[in-house]
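Novice: Take a look at this one; I'll ask things after.
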Amino acid sequence: MSLSKKEISILIEIIYSIVFALIFLPYFYENQEKTLILMDGLIQKIFQIIICSVIYFSITYSILEVAFKKKENLDERDDLINSKSYKLGYLLYEFSLFIIIGYICSKLQNKELLNLTGNQELYNSFELTDGGIVFSILVLLALISIIKSLYQFYLYRTV
Amino acid sequence: MILKNNLKEVRQKKSLTQEELASNVGVSRQTIISIERYRYKPTLELAMKISKQLNIRIENLFYFEE
């Protein structure tokens, strides 16, 4: 299976999203019960993410440029594929934001109901932290990015 | 109705490679391959550019099949 330069660059994005999810998401998963201020080494983690992303993309795209010396311009087929895949990504972002807002609202509502029962342990388990919200948003972002890129790759192979 | 074309036959008659035709009309080789395989329907602008490049009337290059 021979791959074009554009297809390889999509694969680079997919690999990045998977690696990001595997390396950095566990940190946010472990700290989801905490608030952002109380997270240990959050600033270092953000710097790690930025530095790793810059290094990863610089190396991979440099290798890609060396391997495919010929410059590929975007044409109308690329525009069509990009618009279709970005539309899917946009719809998924909208839908997931709707789900997150609904989740937060229902959790707050459930918490108020539990308060009436007087069960303090259960009440505390429904604690809504910004760490938890950040974790959910990052998981959704990684998932949507992977789905969008996979769809884009599929379109490049079939259209 | 399916939009089909004679692009491959006409291009080969004119002894043009996919790469050359693509470069002459300003698209990628992959786009020409997709049009020849009926996977991608070009815009009117691209269809006219291709027919002009191949010196053939657009209706002789692209046609509908029942």
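Chain labels run A, B, ... following the order of the structure tokens; each chain numbers its residues from 1, and ligands are numbered from 1 in the order shown.
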Only residues of chain B matter here; which ones have an atom within 7 Å of chain A, counting only C-alpha atoms? Give them as JSON, numbers by chain.
Specialist: {"B": [27, 28, 31, 34, 39, 40]}
Novice: Once you have the residues from the selection above, write them out as a compact mmCIF listing (two decimals), in the first residue's frame, restricted to N, CA and C atoms.
Specialist:
# COMPACT_ATOMS: atom_id res chain seq x y z
N VAL B 27 -3.56 20.51 -10.55
CA VAL B 27 -4.07 19.66 -9.46
C VAL B 27 -3.04 18.56 -9.18
N SER B 28 -3.34 17.72 -8.17
CA SER B 28 -2.41 16.63 -7.87
C SER B 28 -2.70 15.42 -8.77
N THR B 31 -5.75 13.47 -7.86
CA THR B 31 -7.05 13.98 -8.30
C THR B 31 -7.39 13.44 -9.70
N SER B 34 -8.41 9.85 -9.35
CA SER B 34 -9.77 9.75 -8.81
C SER B 34 -10.83 10.05 -9.87
N ARG B 39 -14.35 8.27 -9.08
CA ARG B 39 -14.53 8.43 -7.64
C ARG B 39 -14.81 9.88 -7.29
N TYR B 40 -14.20 10.77 -8.06
CA TYR B 40 -14.33 12.19 -7.77
C TYR B 40 -14.92 12.93 -8.97
Novice: If we count only C-alpha atoms and set the cut-off at 8 Å, which residues sit around region 47-50 of chain A, ignoring sequence neighbours fewer than 4 positions away in its own chain? Please answer as a PyMOL selection string.
Specialist: chain A and resi 24+43+54
Novice: Give me the residues within 10 Å of Ser51 (chain B) as number ranges by chain, counting only C-alpha atoms and dropping any in the same chain fewer than 5 places off.
Specialist: B: 7, 10, 25, 46, 56-62
Novice: For a quick check of understanding, using only C-alpha atoms, which of A:Ser136, A:Ser53, A:Asn115, A:Asn82 has the smallest distance to Ile100 (chain A)?
Specialist: A:Ser136
Novice: Could you give me, as a ChimeraX atom specification, the residues within 10 Å of Thr129 (chain A), counting only C-alpha atoms and dropping anything in the same chain fewer than 6 positions from it?
Specialist: /A:31-36
Novice: Using only C-alpha atoms, which of the listed residues (A:Leu155, A:Ile99, A:Leu92, A:Leu11) sits closest to Leu143 (chain A)?
Specialist: A:Leu92
Novice: CA of Ile46 (chain A) to CA of Tyr29 (chain A): how many Å, to one decimal?
Specialist: 14.7 Å
Novice: If you run DSSP on the backbone, which residues of chain B are strand (DSSP E), as number ranges by chain?
Specialist: B: 2-5, 62-65
Novice: Dump N, CA and C atoms for the selected residues as a PDB file, in the first residue's frame?
Specialist:
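The resulting file, selection_34.pdb, is reproduced below:
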ATOM      1  N   ILE B   2     -25.217   8.322 -13.710  1.00  0.00           N
ATOM      2  CA  ILE B   2     -23.854   8.403 -13.168  1.00  0.00           C
ATOM      3  C   ILE B   2     -22.998   9.234 -14.117  1.00  0.00           C
ATOM      4  N   LEU B   3     -22.248  10.153 -13.537  1.00  0.00           N
ATOM      5  CA  LEU B   3     -21.344  10.960 -14.360  1.00  0.00           C
ATOM      6  C   LEU B   3     -20.068  10.171 -14.639  1.00  0.00           C
ATOM      7  N   LYS B   4     -19.842   9.898 -15.914  1.00  0.00           N
ATOM      8  CA  LYS B   4     -18.636   9.157 -16.291  1.00  0.00           C
ATOM      9  C   LYS B   4     -17.771  10.021 -17.214  1.00  0.00           C
ATOM     10  N   ASN B   5     -16.632   9.496 -17.601  1.00  0.00           N
ATOM     11  CA  ASN B   5     -15.762  10.276 -18.498  1.00  0.00           C
ATOM     12  C   ASN B   5     -14.839   9.374 -19.317  1.00  0.00           C
ATOM     13  N   PHE B  62     -16.950  14.321 -20.663  1.00  0.00           N
ATOM     14  CA  PHE B  62     -17.804  13.915 -19.530  1.00  0.00           C
ATOM     15  C   PHE B  62     -19.213  13.631 -20.040  1.00  0.00           C
ATOM     16  N   TYR B  63     -19.809  12.557 -19.594  1.00  0.00           N
ATOM     17  CA  TYR B  63     -21.161  12.199 -20.051  1.00  0.00           C
ATOM     18  C   TYR B  63     -21.919  11.475 -18.937  1.00  0.00           C
ATOM     19  N   PHE B  64     -23.238  11.472 -19.062  1.00  0.00           N
ATOM     20  CA  PHE B  64     -24.076  10.749 -18.093  1.00  0.00           C
ATOM     21  C   PHE B  64     -24.394   9.369 -18.620  1.00  0.00           C
ATOM     22  N   GLU B  65     -24.349   8.398 -17.700  1.00  0.00           N
ATOM     23  CA  GLU B  65     -24.719   7.035 -18.098  1.00  0.00           C
ATOM     24  C   GLU B  65     -25.943   6.634 -17.281  1.00  0.00           C
TER      25      GLU B  65
END
Novice: Mind checking which residues fall within 10 Å of Leu97 (chain A), counting only C-alpha atoms, ignoring those fewer than 6 positions away in the same chain, and posting them as number ranges by chain?
Specialist: A: 91, 103, 137, 140
Novice: Would you export the selected residues with C-alpha atoms as a PDB file, in the first residue's frame, please?
Specialist:
ATOM      1  CA  LEU A  91     -20.372  18.322  14.688  1.00  0.00           C
ATOM      2  CA  TYR A 103     -23.312  15.915  32.487  1.00  0.00           C
ATOM      3  CA  ILE A 137     -12.583  17.624  27.801  1.00  0.00           C
ATOM      4  CA  LEU A 140     -13.113  14.081  24.126  1.00  0.00           C
TER       5      LEU A 140
END
Novice: Residues near Tyr61 (chain A), anyone? I mean within 9 Å using only C-alpha atoms, not counting same-chain ones fewer than 5 positions away, as JSON, numbers by chain.
Specialist: {"A": [9, 12, 56, 66]}
Novice: Between B:Lys8, B:Lys14, B:Ala47, B:Lys52, which is the closest to Ile33 (chain B) once you count only C-alpha atoms?
Specialist: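 Closest to Ile33 (chain B) of all the choices is B:Lys8.
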